[in-house]
Every structure is written in C-alpha cells, then in structure tokens.
Amino acid sequence: MGLMGDGVQHRPRPQVPLHVAARLRARRHAGAPTLPAPVRSLSSDLPSVRKWREKNALGACGAWQVEVGEPNLLASGPLDRELIKESSTNPIFMRKDTKNSFQWRIRNLPYPKDVYRVSVEKDERCCVVRTTNKKYYKKFSVPDLDRFQLPLDSTALSFTHANNTLIITYLKPAEILAAEEELQKELKKIKAANNGDGECKTQ
C-alpha cells in the first residue's frame, strides 16, 4: 500500500512507520538517497511486494504498477478472465529480488539458453533481453539504480534458464546494500519498540 507523492516529478512512496520516516527524511535532507519501504512477508526480510500508483492529469489514481512481486493477474469480469486464460502461455515478466541481487524471472520461454542475449544499454539506462530467433524482446529499467543515480554495470548482469523460465540476475551495488541494511536496522528497532510496548511493566 502506498501514499501519493507530494510532487509531480516524483513517484509515490509506500507508507513508512513514523520513526523510520523521520530518519529517512533526515538522510534525504543531508543529500543521501533513500529507499522506499516495501511491503514485506512475515517470514523474510526481503520485500514481497513493492508497487506504485500515480495520479493522472485530472487527479484520479491510476492503476498499480508492480515493481517487485507477482504481476496482478486478477480479472474483473468474465471477458477479462477469458482473455487471461487464452494468454496464459504468453511470457510473464516479474521481479523477485534476493538479498544480494535484483532478480527478474520471465516465465513461459521454452527456448534453450543459447538463444537468449541479455545486455545493458547504458545510454538508455535499461537492460535488454532478446532472442536470436527473434521470438522475444524486452527492455526494462532498474528503478533502484535510478533512485541512487548509479550507472549500470554490464559485469553485474548474468542469466540462466531452467523449466521454461529465464532468470536474470543483477548484483546489487554496495550503495544499495548499505541502504537496505540501514532500513532493516530501523525496521527492527520499530519492531522491538512495539514489542516492548506490549509487555507489562513492573516496579
């Protein structure tokens, strides 16, 4: 879930606990970039979902844009469900990070590994997936690197293929790892403080 941003040029950020927000604001005022606080699963420190929703020119909320997590395949009506059913064998692109890397998975790609070409386009600040048989082409950005204004590094990019799924991995730079570690520390402090508030105090 998220809150709308206060500027036209900025993406909205998910809602953060007040203590975390205060510390992140202090870092931002000091000139250091910050990471949005994602929704996290109960059993993991890794984000399970990170999504954005922006306002259009009329001020109405647009559709959710999923940055991390499963794409939204829910259908609103019978016709939509039928269309999704018909396209269930089409490639499905999603991002699911690990602790040390950004990771994207493209399902329903049956071609052998040597057919795929994965590269970095530094001028366009994106990664590109293409096949030598010209059956698939995909360009995608790395928003985390854009937020920190970090360059794309082709040596950090790798891929593998298994079970009709292309798995693309980009090693997180030290700046991202440090920011995520700091955010984890802040979230753990909030959790500890909340647990402490629920305990009975004795004299």
# chains A, B, ... in the order shown; residues from 1 in each chain; ligands from 1

call {"tool": "residues_around", "arguments": {"residues": "Leu150 (chain A)", "least_positions_apart": "3", "cutoff": "9 Å", "atoms": "only C-alpha atoms", "output": "JSON, numbers by chain"}}
result
{"A": [144, 145, 146, 147, 173, 175]}

call {"tool": "write_last_selection", "arguments": {"atoms": "C-alpha atoms", "output": "JSON list (two decimals), in the first residue's frame"}}
result
[["chain", "number", "residue", "atom", "x", "y", "z"],
["A", 144, "ASP", "CA", 16.67, 1.30, -7.57],
["A", 145, "LEU", "CA", 19.74, 2.35, -9.56],
["A", 146, "ASP", "CA", 17.84, 5.34, -10.95],
["A", 147, "ARG", "CA", 16.88, 6.50, -7.44],
["A", 173, "PRO", "CA", 25.98, -2.32, -5.73],
["A", 175, "GLU", "CA", 25.41, 1.65, -2.03]]

call {"tool": "closest_residue", "arguments": {"among": "A:Leu166, A:Asn56, A:Arg105, A:Ser158", "to": "Thr131 (chain A)", "atoms": "only C-alpha atoms"}}
result
A:Leu166

call {"tool": "closest_residue", "arguments": {"among": "A:Leu177, A:Lys113, A:Trp104, A:Asn90", "to": "Ser141 (chain A)", "atoms": "only C-alpha atoms"}}
result
A:Trp104

call {"tool": "residues_around", "arguments": {"residues": "Tyr116 (chain A)", "least_positions_apart": "5", "cutoff": "10 Å", "atoms": "only C-alpha atoms", "output": "ChimeraX atom specification"}}
result
/A:109,111,129-134,136-137,159-161,166

call {"tool": "residues_around", "arguments": {"residues": "Val120 (chain A)", "least_positions_apart": "6", "cutoff": "12 Å", "atoms": "only C-alpha atoms", "output": "ChimeraX atom specification"}}
result
/A:126-130,138-142,151-158,168,170

call {"tool": "write_last_selection", "arguments": {"atoms": "N, CA and C atoms", "output": "compact mmCIF listing (two decimals), in the first residue's frame"}}
result
# COMPACT_ATOMS: atom_id res chain seq x y z
N CYS A 126 18.90 0.92 -19.18
CA CYS A 126 17.99 -0.23 -19.13
C CYS A 126 18.73 -1.51 -19.48
N CYS A 127 18.08 -2.63 -19.21
CA CYS A 127 18.57 -3.94 -19.62
C CYS A 127 17.69 -4.42 -20.77
N VAL A 128 18.28 -5.22 -21.65
CA VAL A 128 17.56 -5.69 -22.83
C VAL A 128 17.69 -7.21 -22.92
N VAL A 129 16.55 -7.86 -23.15
CA VAL A 129 16.53 -9.30 -23.41
C VAL A 129 16.06 -9.50 -24.85
N ARG A 130 16.81 -10.26 -25.60
CA ARG A 130 16.41 -10.57 -26.97
C ARG A 130 16.78 -12.02 -27.27
N LYS A 138 12.55 -7.69 -24.85
CA LYS A 138 12.07 -6.99 -23.66
C LYS A 138 13.13 -6.01 -23.17
N LYS A 139 12.68 -4.77 -22.89
CA LYS A 139 13.53 -3.77 -22.26
C LYS A 139 12.96 -3.45 -20.88
N PHE A 140 13.83 -3.33 -19.88
CA PHE A 140 13.35 -2.98 -18.55
C PHE A 140 14.43 -2.19 -17.80
N SER A 141 13.99 -1.30 -16.94
CA SER A 141 14.91 -0.47 -16.16
C SER A 141 15.12 -1.08 -14.78
N VAL A 142 16.05 -0.49 -14.04
CA VAL A 142 16.31 -0.88 -12.65
C VAL A 142 16.04 0.36 -11.80
N PRO A 151 25.29 4.17 -12.13
CA PRO A 151 25.38 3.65 -13.50
C PRO A 151 25.11 2.16 -13.55
N LEU A 152 24.67 1.68 -14.71
CA LEU A 152 24.50 0.25 -14.92
C LEU A 152 25.85 -0.37 -15.28
N ASP A 153 26.10 -1.53 -14.70
CA ASP A 153 27.37 -2.22 -14.90
C ASP A 153 27.11 -3.56 -15.58
N SER A 154 27.61 -3.74 -16.78
CA SER A 154 27.35 -4.97 -17.52
C SER A 154 27.96 -6.19 -16.83
N THR A 155 29.04 -5.99 -16.05
CA THR A 155 29.67 -7.13 -15.38
C THR A 155 28.83 -7.65 -14.22
N ALA A 156 27.84 -6.87 -13.76
CA ALA A 156 26.97 -7.29 -12.66
C ALA A 156 25.79 -8.12 -13.16
N LEU A 157 25.64 -8.21 -14.49
CA LEU A 157 24.48 -8.85 -15.09
C LEU A 157 24.80 -10.28 -15.53
N SER A 158 23.90 -11.21 -15.21
CA SER A 158 24.05 -12.59 -15.65
C SER A 158 22.66 -13.20 -15.82
N ILE A 168 17.15 -13.65 -14.70
CA ILE A 168 18.16 -12.61 -14.92
C ILE A 168 18.56 -12.04 -13.56
N TYR A 170 21.11 -9.32 -11.36
CA TYR A 170 21.99 -8.14 -11.36
C TYR A 170 22.46 -7.93 -9.93
